[in-house]
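Participant: Following this line is run37.cif, made up of mmCIF, C-alpha atoms:
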data_target
#
loop_
_atom_site.label_atom_id
_atom_site.label_comp_id
_atom_site.auth_asym_id
_atom_site.auth_seq_id
_atom_site.Cartn_x
_atom_site.Cartn_y
_atom_site.Cartn_z
CA MET A 1477 23.02 20.52 -9.73
CA GLN A 1478 21.84 17.11 -8.48
CA GLU A 1479 18.43 16.01 -9.74
CA ILE A 1480 16.00 15.32 -6.90
CA VAL A 1481 13.63 12.38 -7.26
CA PRO A 1482 10.75 13.05 -4.81
CA PHE A 1483 8.97 10.14 -3.21
CA ASN A 1484 5.57 11.50 -4.23
CA LYS A 1485 4.31 14.29 -6.46
CA PRO A 1486 0.54 14.95 -6.30
CA HIS A 1487 -1.01 14.87 -9.77
CA MET A 1488 -3.36 17.56 -11.07
CA THR A 1489 -5.57 16.81 -14.08
CA GLY A 1490 -6.02 20.50 -14.91
CA LYS A 1491 -9.75 20.63 -14.13
CA GLU A 1492 -9.58 20.88 -10.34
CA LEU A 1493 -9.36 24.67 -10.03
CA TYR A 1494 -12.15 25.18 -12.58
CA ASN A 1495 -14.44 22.89 -10.58
CA ILE A 1496 -13.58 24.68 -7.35
CA ALA A 1497 -14.34 28.04 -8.98
CA GLN A 1498 -17.68 26.68 -10.21
CA ALA A 1499 -18.62 25.53 -6.72
CA HIS A 1500 -17.77 28.99 -5.40
CA PHE A 1501 -19.68 30.70 -8.23
CA ASN A 1502 -22.74 28.58 -7.42
CA SER A 1503 -22.43 29.42 -3.70
CA ARG A 1504 -22.21 25.76 -2.73
CA LEU A 1505 -19.30 25.29 -0.33
CA ALA A 1506 -20.70 23.05 2.42
CA GLY A 1507 -20.97 19.30 2.06
CA ASP A 1508 -23.31 17.24 -0.13
CA GLY A 1509 -23.55 19.70 -3.01
CA PRO A 1510 -23.67 18.78 -6.72
CA TYR A 1511 -20.02 17.71 -6.94
CA THR A 1512 -20.43 15.46 -3.91
CA LYS A 1513 -23.46 13.82 -5.50
CA ASN A 1514 -21.54 13.34 -8.75
CA CYS A 1515 -18.72 11.65 -6.84
CA HIS A 1516 -21.16 9.39 -5.01
CA TYR A 1517 -22.76 8.26 -8.24
CA ARG A 1518 -19.41 7.72 -9.98
CA LEU A 1519 -17.99 5.70 -7.07
CA GLU A 1520 -21.11 3.54 -6.89
CA ARG A 1521 -20.77 2.72 -10.59
CA MET A 1522 -17.02 2.17 -10.47
CA CYS A 1523 -16.98 0.09 -7.29
CA GLY A 1524 -20.30 -1.68 -7.57
CA CYS A 1525 -21.39 -0.81 -4.03
CA ALA A 1526 -24.92 -0.16 -2.81
CA ARG A 1527 -24.03 3.33 -1.54
CA ALA A 1528 -20.90 5.49 -1.57
CA LEU A 1529 -20.54 8.37 0.88
CA LEU A 1530 -17.69 10.85 0.72
CA THR A 1531 -15.92 11.54 4.01
CA HIS A 1532 -13.28 14.06 5.00
CA SER A 1533 -10.71 11.25 5.30
CA CYS A 1534 -10.34 7.49 5.13
CA THR A 1535 -9.90 7.65 8.91
CA ALA A 1536 -13.44 9.07 9.11
CA ALA A 1537 -14.76 6.23 6.95
CA LEU A 1538 -13.08 3.68 9.23
CA GLU A 1539 -14.59 5.34 12.28
CA MET A 1540 -18.01 5.20 10.63
CA GLN A 1541 -17.53 1.46 10.11
CA SER A 1542 -17.09 0.96 13.85
CA LEU A 1543 -20.14 3.09 14.60
CA LEU A 1544 -22.21 1.16 12.07
CA LEU A 1545 -21.19 -2.13 13.71
CA ASP A 1546 -22.04 -0.75 17.17
CA ILE A 1547 -18.56 -1.64 18.42
CA ALA A 1548 -18.79 -1.51 22.22
CA PRO A 1549 -16.20 -1.80 25.01
CA GLY A 1550 -14.57 -5.23 24.90
CA ASP A 1551 -15.66 -6.10 21.36
CA GLU A 1552 -12.81 -7.52 19.27
CA VAL A 1553 -11.91 -6.89 15.64
CA ILE A 1554 -9.26 -9.06 13.97
CA MET A 1555 -6.76 -7.23 11.75
CA PRO A 1556 -3.09 -7.14 10.77
CA SER A 1557 -0.57 -5.23 12.87
CA TYR A 1558 1.12 -4.12 9.64
CA THR A 1559 -1.27 -1.28 8.83
CA PHE A 1560 -1.80 2.42 9.40
CA VAL A 1561 -2.85 3.46 12.90
CA SER A 1562 -6.36 4.49 11.76
CA THR A 1563 -7.37 0.86 11.17
CA ALA A 1564 -6.94 0.11 14.86
CA ASN A 1565 -7.77 3.56 16.22
CA ALA A 1566 -11.29 3.41 14.78
CA VAL A 1567 -11.96 0.36 16.95
CA VAL A 1568 -10.18 1.68 20.05
CA LEU A 1569 -12.21 4.92 19.97
CA ARG A 1570 -15.34 2.82 20.60
CA GLY A 1571 -13.70 0.87 23.41
CA GLY A 1572 -13.07 -2.12 21.19
CA VAL A 1573 -9.94 -4.28 21.09
CA PRO A 1574 -7.96 -4.77 17.87
CA VAL A 1575 -6.64 -8.33 17.74
CA PHE A 1576 -3.52 -8.67 15.62
CA VAL A 1577 -2.56 -11.73 13.58
CA ASP A 1578 0.48 -12.21 11.36
CA ILE A 1579 0.71 -11.41 7.65
CA ARG A 1580 1.41 -13.45 4.53
CA GLU A 1581 4.95 -13.49 3.19
CA ASP A 1582 3.91 -12.98 -0.44
CA THR A 1583 1.49 -10.02 -0.37
CA LEU A 1584 2.08 -8.73 3.18
CA ASN A 1585 -1.69 -8.91 3.66
CA ILE A 1586 -3.36 -10.50 6.67
CA ASN A 1587 -2.76 -14.25 6.75
CA GLU A 1588 -6.27 -15.61 6.32
CA THR A 1589 -5.24 -19.05 7.66
CA LEU A 1590 -4.59 -17.48 11.10
CA ILE A 1591 -7.90 -15.66 11.47
CA GLU A 1592 -10.17 -18.47 12.61
CA GLU A 1593 -8.05 -19.47 15.59
CA ALA A 1594 -8.07 -15.85 16.80
CA ILE A 1595 -11.86 -15.71 17.00
CA THR A 1596 -13.43 -15.60 20.48
CA GLU A 1597 -16.93 -15.01 21.81
CA LYS A 1598 -16.04 -11.29 21.82
CA THR A 1599 -15.10 -11.11 18.14
CA LYS A 1600 -17.41 -8.88 16.13
CA ALA A 1601 -15.64 -8.32 12.82
CA ILE A 1602 -12.64 -8.98 10.60
CA ALA A 1603 -10.80 -5.99 9.11
CA PRO A 1604 -8.66 -7.02 6.12
CA VAL A 1605 -6.23 -4.36 4.87
CA HIS A 1606 -5.38 -4.47 1.15
CA TYR A 1607 -1.70 -3.59 1.31
CA ALA A 1608 -0.25 -1.78 -1.74
CA GLY A 1609 -3.59 -2.09 -3.49
CA ILE A 1610 -3.28 -5.89 -3.74
CA GLY A 1611 -6.34 -7.77 -2.54
CA CYS A 1612 -6.45 -9.99 0.52
CA GLU A 1613 -7.78 -13.52 0.08
CA MET A 1614 -11.36 -12.34 0.38
CA ASP A 1615 -13.15 -15.58 -0.54
CA GLU A 1616 -11.65 -17.35 2.47
CA ILE A 1617 -12.11 -14.34 4.74
CA MET A 1618 -15.77 -14.01 3.78
CA ALA A 1619 -16.27 -17.75 4.33
CA ILE A 1620 -14.73 -17.54 7.80
CA ALA A 1621 -16.93 -14.56 8.63
CA ALA A 1622 -20.04 -16.39 7.46
CA ARG A 1623 -19.23 -19.47 9.56
CA HIS A 1624 -18.86 -17.36 12.68
CA HIS A 1625 -21.55 -14.74 11.94
CA LEU A 1626 -19.03 -11.90 11.78
CA LYS A 1627 -18.92 -8.74 9.69
CA VAL A 1628 -16.10 -7.89 7.28
CA ILE A 1629 -14.98 -4.27 7.11
CA GLU A 1630 -12.37 -3.65 4.41
CA ASP A 1631 -9.60 -1.10 4.73
CA ALA A 1632 -9.08 -0.35 1.04
CA ALA A 1633 -7.27 2.94 1.63
CA GLN A 1634 -4.66 2.01 -0.99
CA GLY A 1635 -6.98 -0.02 -3.18
CA PHE A 1636 -9.11 2.29 -5.33
CA MET A 1637 -9.19 0.90 -8.91
CA SER A 1638 -7.87 -2.50 -7.73
CA THR A 1639 -9.88 -5.71 -7.91
CA TYR A 1640 -10.00 -9.19 -6.39
CA LYS A 1641 -11.43 -11.77 -8.81
CA GLY A 1642 -13.07 -8.94 -10.72
CA LYS A 1643 -14.62 -7.25 -7.68
CA ALA A 1644 -13.51 -3.80 -6.60
CA LEU A 1645 -11.59 -3.72 -3.33
CA GLY A 1646 -13.86 -2.27 -0.67
CA SER A 1647 -17.00 -3.72 -2.30
CA ILE A 1648 -16.73 -7.29 -0.98
CA GLY A 1649 -17.32 -7.09 2.77
CA GLN A 1650 -20.29 -5.39 4.40
CA MET A 1651 -18.38 -2.08 4.16
CA GLY A 1652 -15.17 -0.66 2.73
CA ALA A 1653 -13.11 2.48 3.25
CA LEU A 1654 -11.18 4.38 0.56
CA SER A 1655 -8.57 7.13 0.84
CA PHE A 1656 -8.09 10.13 -1.43
CA HIS A 1657 -5.16 11.55 0.53
CA GLU A 1658 -2.53 13.30 -1.60
CA THR A 1659 -0.24 10.26 -1.29
CA LYS A 1660 -2.79 8.03 -3.01
CA ASN A 1661 -3.43 7.59 -6.74
CA VAL A 1662 -6.68 9.53 -7.04
CA ILE A 1663 -6.58 12.44 -4.65
CA ALA A 1664 -8.47 15.31 -3.04
CA GLY A 1665 -5.70 16.56 -0.75
CA GLU A 1666 -7.48 15.00 2.19
CA GLY A 1667 -10.59 12.90 1.70
CA GLY A 1668 -12.05 9.44 1.73
CA ALA A 1669 -15.20 7.45 1.13
CA LEU A 1670 -17.29 4.84 2.90
CA LEU A 1671 -18.57 2.11 0.59
CA VAL A 1672 -21.72 0.53 1.99
CA ASN A 1673 -22.35 -2.88 0.44
CA ASP A 1674 -25.14 -4.01 2.78
CA PRO A 1675 -28.28 -2.06 1.77
CA GLY A 1676 -29.62 -2.47 5.30
CA LEU A 1677 -26.86 -0.18 6.58
CA ILE A 1678 -27.39 2.73 4.18
CA LEU A 1679 -29.87 4.78 6.22
CA LYS A 1680 -27.88 4.29 9.41
CA ALA A 1681 -24.69 5.34 7.59
CA GLU A 1682 -26.34 8.53 6.33
CA ILE A 1683 -27.50 9.38 9.85
CA ILE A 1684 -24.08 8.78 11.42
CA ARG A 1685 -22.41 10.90 8.72
CA GLU A 1686 -24.84 13.80 9.28
CA LYS A 1687 -24.21 14.35 13.01
CA GLY A 1688 -26.74 11.68 13.95
CA THR A 1689 -29.63 13.36 12.11
CA ASP A 1690 -31.85 12.33 9.20
CA ARG A 1691 -30.86 15.48 7.29
CA SER A 1692 -30.17 13.50 4.11
CA ARG A 1693 -33.75 12.20 4.06
CA PHE A 1694 -35.03 15.75 4.61
CA PHE A 1695 -33.15 17.06 1.56
CA ARG A 1696 -34.55 14.20 -0.51
CA GLY A 1697 -38.07 15.19 0.57
CA GLU A 1698 -38.67 11.94 2.47
CA VAL A 1699 -39.44 13.70 5.78
CA ASP A 1700 -40.84 17.20 6.45
CA LYS A 1701 -38.12 18.08 8.99
CA TYR A 1702 -34.92 16.53 10.26
CA THR A 1703 -33.94 15.87 13.84
CA TRP A 1704 -31.47 13.99 16.02
CA GLN A 1705 -31.95 10.28 15.48
CA SER A 1706 -28.82 8.52 16.77
CA VAL A 1707 -25.16 8.87 17.61
CA GLY A 1708 -23.11 10.46 14.86
CA SER A 1709 -20.60 13.12 13.93
CA SER A 1710 -19.67 15.45 11.06
CA TYR A 1711 -17.96 13.21 8.54
CA LEU A 1712 -18.80 15.20 5.38
CA PRO A 1713 -16.09 16.88 3.32
CA GLY A 1714 -16.69 20.39 2.04
CA GLU A 1715 -17.88 20.82 -1.54
CA LEU A 1716 -14.49 22.21 -2.62
CA ILE A 1717 -12.91 18.85 -1.75
CA ALA A 1718 -15.57 17.05 -3.79
CA ALA A 1719 -15.04 19.47 -6.71
CA PHE A 1720 -11.32 18.64 -6.71
CA LEU A 1721 -12.01 14.91 -6.43
CA TRP A 1722 -14.51 14.96 -9.29
CA ALA A 1723 -11.76 16.11 -11.68
CA GLN A 1724 -9.62 13.19 -10.51
CA LEU A 1725 -12.39 10.59 -10.76
CA GLU A 1726 -13.05 11.58 -14.36
CA GLU A 1727 -9.47 10.59 -15.21
CA ALA A 1728 -9.03 7.72 -12.75
CA GLN A 1729 -8.41 5.18 -15.51
CA GLU A 1730 -5.67 7.27 -17.13
CA ILE A 1731 -4.04 7.89 -13.76
CA THR A 1732 -4.10 4.18 -12.96
CA GLU A 1733 -2.63 3.18 -16.32
CA ASN A 1734 0.21 5.70 -15.96
CA ARG A 1735 1.12 4.46 -12.49
CA LEU A 1736 0.96 0.84 -13.64
CA HIS A 1737 3.33 1.70 -16.48
CA CYS A 1738 5.83 3.08 -13.95
CA TRP A 1739 5.28 0.07 -11.68
CA HIS A 1740 6.03 -2.41 -14.46
CA ARG A 1741 9.15 -0.51 -15.48
CA TYR A 1742 10.49 -0.90 -11.95
CA HIS A 1743 9.50 -4.56 -11.95
CA THR A 1744 11.44 -5.24 -15.13
CA MET A 1745 14.50 -3.22 -14.14
CA LEU A 1746 14.77 -4.95 -10.73
CA GLU A 1747 14.45 -8.51 -11.97
CA ASP A 1748 18.22 -9.04 -12.06
CA LEU A 1749 18.68 -7.92 -8.44
CA GLU A 1750 16.01 -10.40 -7.38
CA HIS A 1751 17.78 -13.21 -9.25
CA LYS A 1752 20.96 -12.24 -7.40
CA GLU A 1753 18.98 -12.49 -4.12
CA ARG A 1754 19.75 -8.90 -3.09
CA LEU A 1755 16.06 -8.05 -2.81
CA ARG A 1756 12.60 -9.39 -3.45
CA ARG A 1757 10.09 -7.72 -5.74
CA PRO A 1758 6.34 -7.45 -4.98
CA ILE A 1759 4.23 -10.54 -5.62
CA VAL A 1760 0.79 -10.08 -7.18
CA PRO A 1761 -1.52 -13.14 -7.22
CA LYS A 1762 -3.01 -13.91 -10.64
CA HIS A 1763 -6.56 -13.31 -9.41
CA CYS A 1764 -5.71 -9.80 -8.21
CA ARG A 1765 -5.50 -6.70 -10.39
CA HIS A 1766 -3.66 -3.91 -8.62
CA ASN A 1767 -3.57 -0.16 -9.22
CA GLY A 1768 0.16 0.59 -9.20
CA HIS A 1769 -0.18 2.41 -5.90
CA MET A 1770 3.31 1.66 -4.64
CA TYR A 1771 6.46 -0.17 -5.58
CA TYR A 1772 8.34 -1.69 -2.67
CA VAL A 1773 11.28 -4.05 -2.36
CA LEU A 1774 12.24 -6.36 0.48
CA LEU A 1775 15.97 -6.18 1.08
CA ALA A 1776 18.08 -9.28 1.64
CA GLU A 1777 18.48 -10.11 5.32
CA ASP A 1778 22.18 -9.22 5.39
CA LEU A 1779 21.56 -5.63 4.26
CA ASP A 1780 21.27 -2.61 6.54
CA ARG A 1781 18.08 -0.83 5.50
CA GLN A 1782 19.03 2.48 7.05
CA ARG A 1783 22.32 2.52 5.16
CA VAL A 1784 20.55 1.77 1.88
CA LEU A 1785 18.10 4.61 2.52
CA GLU A 1786 20.98 6.97 3.27
CA VAL A 1787 22.76 6.04 0.04
CA LEU A 1788 19.56 6.78 -1.89
CA LYS A 1789 19.06 10.06 -0.03
CA ASP A 1790 22.63 11.18 -0.70
CA SER A 1791 21.91 10.74 -4.41
CA GLY A 1792 18.75 12.84 -4.20
CA ILE A 1793 16.33 9.92 -4.18
CA HIS A 1794 13.59 10.08 -1.56
CA ALA A 1795 12.77 6.47 -0.73
CA VAL A 1796 11.09 5.57 2.58
CA PHE A 1797 10.26 2.61 4.79
CA HIS A 1798 6.64 2.03 5.78
CA TYR A 1799 4.56 1.06 8.82
CA VAL A 1800 6.06 0.37 12.21
CA PRO A 1801 3.98 -2.67 13.29
CA LEU A 1802 1.22 -1.48 15.60
CA HIS A 1803 1.75 -4.26 18.15
CA THR A 1804 5.21 -2.82 18.91
CA SER A 1805 3.91 0.72 19.54
CA PRO A 1806 3.04 2.13 23.00
CA ALA A 1807 -0.66 2.46 22.14
CA GLY A 1808 -0.70 -0.97 20.50
CA LYS A 1809 0.62 -2.57 23.68
CA LYS A 1810 -1.92 -0.66 25.76
CA PHE A 1811 -5.11 -1.08 23.76
CA CYS A 1812 -4.65 -4.15 21.56
CA ARG A 1813 -4.05 -7.88 21.77
CA VAL A 1814 -1.75 -10.13 19.77
CA HIS A 1815 -2.80 -13.63 18.79
CA GLY A 1816 0.05 -15.94 17.88
CA GLY A 1817 3.50 -15.08 16.66
CA MET A 1818 4.26 -11.98 14.60
CA ARG A 1819 7.47 -13.20 12.97
CA LYS A 1820 6.52 -12.32 9.38
CA THR A 1821 5.20 -8.91 10.38
CA GLU A 1822 8.37 -8.01 12.25
CA ASP A 1823 10.78 -9.44 9.66
CA LEU A 1824 9.18 -8.11 6.48
CA SER A 1825 8.42 -4.66 7.86
CA SER A 1826 12.07 -4.26 8.88
CA ARG A 1827 13.35 -4.98 5.35
CA LEU A 1828 10.85 -3.04 3.24
CA ILE A 1829 11.71 0.07 1.22
CA ARG A 1830 9.20 2.03 -0.87
CA LEU A 1831 10.60 3.55 -4.05
CA PRO A 1832 9.44 6.86 -5.57
CA LEU A 1833 6.39 6.38 -7.78
CA TRP A 1834 3.95 8.98 -9.10
CA PHE A 1835 2.00 9.99 -12.19
CA GLY A 1836 4.34 11.29 -14.88
CA MET A 1837 7.54 9.94 -13.36
CA THR A 1838 10.15 9.77 -16.13
CA LEU A 1839 12.12 6.77 -17.30
CA GLU A 1840 15.32 8.64 -16.44
CA MET A 1841 14.21 9.11 -12.83
CA GLN A 1842 13.40 5.43 -12.49
CA GLU A 1843 16.68 4.41 -14.10
CA LYS A 1844 18.58 6.64 -11.68
CA THR A 1845 16.67 5.18 -8.72
CA VAL A 1846 17.41 1.61 -9.76
CA ASP A 1847 21.04 2.38 -10.56
CA VAL A 1848 21.67 3.87 -7.11
CA LEU A 1849 19.73 1.08 -5.40
CA GLN A 1850 21.80 -1.51 -7.26
CA LYS A 1851 25.03 0.05 -5.98
CA ALA A 1852 23.62 0.30 -2.44
CA VAL A 1853 22.70 -3.39 -2.17
CA GLN A 1854 25.89 -4.92 -3.66
#
Written as structure tokens, that's how I'd like the structure from this file.
Facilitator:
Amino acid sequence: MQEIVPFNKPHMTGKELYNIAQAHFNSRLAGDGPYTKNCHYRLERMCGCARALLTHSCTAALEMQSLLLDIAPGDEVIMPSYTFVSTANAVVLRGGVPVFVDIREDTLNINETLIEEAITEKTKAIAPVHYAGIGCEMDEIMAIAARHHLKVIEDAAQGFMSTYKGKALGSIGQMGALSFHETKNVIAGEGGALLVNDPGLILKAEIIREKGTDRSRFFRGEVDKYTWQSVGSSYLPGELIAAFLWAQLEEAQEITENRLHCWHRYHTMLEDLEHKERLRRPIVPKHCRHNGHMYYVLLAEDLDRQRVLEVLKDSGIHAVFHYVPLHTSPAGKKFCRVHGGMRKTEDLSSRLIRLPLWFGMTLEMQEKTVDVLQKAVQ
């Protein structure tokens, strides 16, 4: 029987079900219970942010960013087209206009040298996306934002436990968004977090997250009743999600180290194919520490990606491509604007393949994946 190598296999630490049972035993199932508070405190210490707030998804955290910035119809936010739809959707939901610029060839992150020329009088923020958990060039992005009085809202969905010059991804701009979806390293099934780095935004963030009320202040005893204060929605996860996540956060370092071990094994095994110019391996700048979230390769231009994927699939290896650039999508054409050429975005996205990578993946599985890939690209 052929061994199947799945693309992803969600990792369980062994404590998740116990925590969930404890939450049930204590009759705390709604949001912001003890496990949620534990997660907030742990994330604040690990990321170095002023305030961490769990959300039911990273999408929710991104939507909160737009609400916190008061994005209004016509406001523009500069971002890459090579990202998940939620990055742009969060802006579009407020009537804003995502403005796409091209990406860098090395990291596939937004090309910071193209941002300044895309700024107009309508620009309100820059939204860097840390692709594959590798940091964007945040020093330059923050400098551009400061020169033009713009906010920086990080999409660090893939970047938990990664750093840029020693700073946690998501903790550098005014706000950051994390994902704990089951495809990420540290998971809660679904789930996310908003990292608030500007202390002046904390109270507003709490109000938005609690349906537009000051309920959080009421539970802290700061007001004698809570009431509707501003626009908001229900962005809290239930306590069972937080209980699951708490087990994962306690072992986040071990999870990261295991994934990095798998990542480096791929990197070593694929060196020869890169020398033969059949593919290109990921590039990680020296000032970035990544989390082993994904291992991708960029196929040589003469290779047919779909055929390579089919060869892998026929051997029981579930490899995948990634984002379809948003500027080429129907909604992207309708709601967004492109500034400049998108040659790198279109070329690199068309040649990228993500290889299976998950906690506990065996050497034999990786060797099989590389062996089949090597035959497919000859």
Participant: Write out as an MDAnalysis selection string the residues lying within 9 Å of stretch 1714-1723 of chain A, counting only C-alpha atoms and excluding same-chain residues fewer than 4 positions away.
Facilitator: chainID A and resid 1488:1500 1504:1515 1518 1530 1532 1656 1662:1667 1727:1728
Participant: Run through the PyMOL selection byres ((chain A and resi 1852) around 9) on the given coordinates and return the selected residues as a ChimeraX atom specification.
Facilitator: /A:1783-1785,1787-1788,1847-1851,1853-1854
Participant: I need the output of the PyMOL selection byres ((chain A and resi 1627-1635) around 9) for this file as a count of residues only; which residues are they?
Facilitator: 49
Participant: One number please: atom CA of A:Phe1483 to atom CA of A:Glu1750, in Å, one decimal.
Facilitator: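 Taking atom CA of A:Phe1483 and atom CA of A:Glu1750, their separation equals 22.1 Å.
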Participant: If you apply the PyMOL selection byres ((chain A and resi 1831) around 10) to this file, what residues do you get, as a list in words?
Facilitator: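 Matching residues under the PyMOL selection byres ((chain A and resi 1831) around 10) are Val1481, Pro1482, Phe1483, Asn1484, Trp1739, Tyr1742, Met1770, Tyr1771, Tyr1772, Val1773, Leu1788, Ile1793, His1794, Ala1795, Val1796, Phe1797, Leu1828, Ile1829, Arg1830, Pro1832, Leu1833, Trp1834, Gln1842, Thr1845, Val1846 and Leu1849 of chain A.
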Participant: Find, counting all atoms listed in the file, the residue in A:Val1814, A:Leu1519, A:Val1672, A:Ala1566 that gets nearest to A:Asp1578.
Facilitator: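 Smallest distance to A:Asp1578 is found for A:Val1814.
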Participant: What does the distance between atom CA of A:Ile1731 and atom CA of A:Met1837 come to in Å, to one decimal place?
Facilitator: 11.8 Å
Participant: May I ask which of the residues A:Thr1531, A:Ser1557, A:Ser1562, A:Ser1706 is the closest one to A:Leu1584, counting all atoms listed in the file?
Facilitator: A:Ser1557
Participant: Since fewer atoms than expected are present, regenerate N, CA and C atoms for stretch 1526-1539 of chain A and write them as a PDB file, keeping the file's coordinate frame.
Facilitator:
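The resulting out30.pdb:
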ATOM      1  N   ALA A1526     -23.538  -0.606  -2.928  1.00  0.00           N
ATOM      2  CA  ALA A1526     -24.920  -0.160  -2.810  1.00  0.00           C
ATOM      3  C   ALA A1526     -24.999   1.348  -2.595  1.00  0.00           C
ATOM      4  N   ARG A1527     -24.039   1.889  -1.831  1.00  0.00           N
ATOM      5  CA  ARG A1527     -24.030   3.330  -1.540  1.00  0.00           C
ATOM      6  C   ARG A1527     -22.599   3.765  -1.259  1.00  0.00           C
ATOM      7  N   ALA A1528     -22.196   4.876  -1.853  1.00  0.00           N
ATOM      8  CA  ALA A1528     -20.900   5.490  -1.570  1.00  0.00           C
ATOM      9  C   ALA A1528     -21.153   6.827  -0.899  1.00  0.00           C
ATOM     10  N   LEU A1529     -20.392   7.115   0.145  1.00  0.00           N
ATOM     11  CA  LEU A1529     -20.540   8.370   0.880  1.00  0.00           C
ATOM     12  C   LEU A1529     -19.163   8.985   1.070  1.00  0.00           C
ATOM     13  N   LEU A1530     -18.959  10.172   0.517  1.00  0.00           N
ATOM     14  CA  LEU A1530     -17.690  10.850   0.720  1.00  0.00           C
ATOM     15  C   LEU A1530     -17.513  11.223   2.189  1.00  0.00           C
ATOM     16  N   THR A1531     -16.274  11.146   2.658  1.00  0.00           N
ATOM     17  CA  THR A1531     -15.920  11.540   4.010  1.00  0.00           C
ATOM     18  C   THR A1531     -14.702  12.468   3.936  1.00  0.00           C
ATOM     19  N   HIS A1532     -14.399  13.127   5.047  1.00  0.00           N
ATOM     20  CA  HIS A1532     -13.280  14.060   5.000  1.00  0.00           C
ATOM     21  C   HIS A1532     -11.925  13.354   5.073  1.00  0.00           C
ATOM     22  N   SER A1533     -11.934  12.040   5.307  1.00  0.00           N
ATOM     23  CA  SER A1533     -10.710  11.250   5.300  1.00  0.00           C
ATOM     24  C   SER A1533     -11.083   9.781   5.298  1.00  0.00           C
ATOM     25  N   CYS A1534     -10.106   8.933   4.986  1.00  0.00           N
ATOM     26  CA  CYS A1534     -10.340   7.490   5.130  1.00  0.00           C
ATOM     27  C   CYS A1534     -10.496   7.134   6.607  1.00  0.00           C
ATOM     28  N   THR A1535      -9.763   7.863   7.464  1.00  0.00           N
ATOM     29  CA  THR A1535      -9.900   7.650   8.910  1.00  0.00           C
ATOM     30  C   THR A1535     -11.362   7.816   9.326  1.00  0.00           C
ATOM     31  N   ALA A1536     -12.031   8.848   8.794  1.00  0.00           N
ATOM     32  CA  ALA A1536     -13.440   9.070   9.110  1.00  0.00           C
ATOM     33  C   ALA A1536     -14.304   7.904   8.648  1.00  0.00           C
ATOM     34  N   ALA A1537     -14.007   7.373   7.460  1.00  0.00           N
ATOM     35  CA  ALA A1537     -14.760   6.230   6.950  1.00  0.00           C
ATOM     36  C   ALA A1537     -14.579   5.005   7.844  1.00  0.00           C
ATOM     37  N   LEU A1538     -13.353   4.793   8.326  1.00  0.00           N
ATOM     38  CA  LEU A1538     -13.080   3.680   9.230  1.00  0.00           C
ATOM     39  C   LEU A1538     -13.814   3.856  10.554  1.00  0.00           C
ATOM     40  N   GLU A1539     -13.864   5.080  11.052  1.00  0.00           N
ATOM     41  CA  GLU A1539     -14.590   5.340  12.280  1.00  0.00           C
ATOM     42  C   GLU A1539     -16.088   5.101  12.091  1.00  0.00           C
TER      43      GLU A1539
END
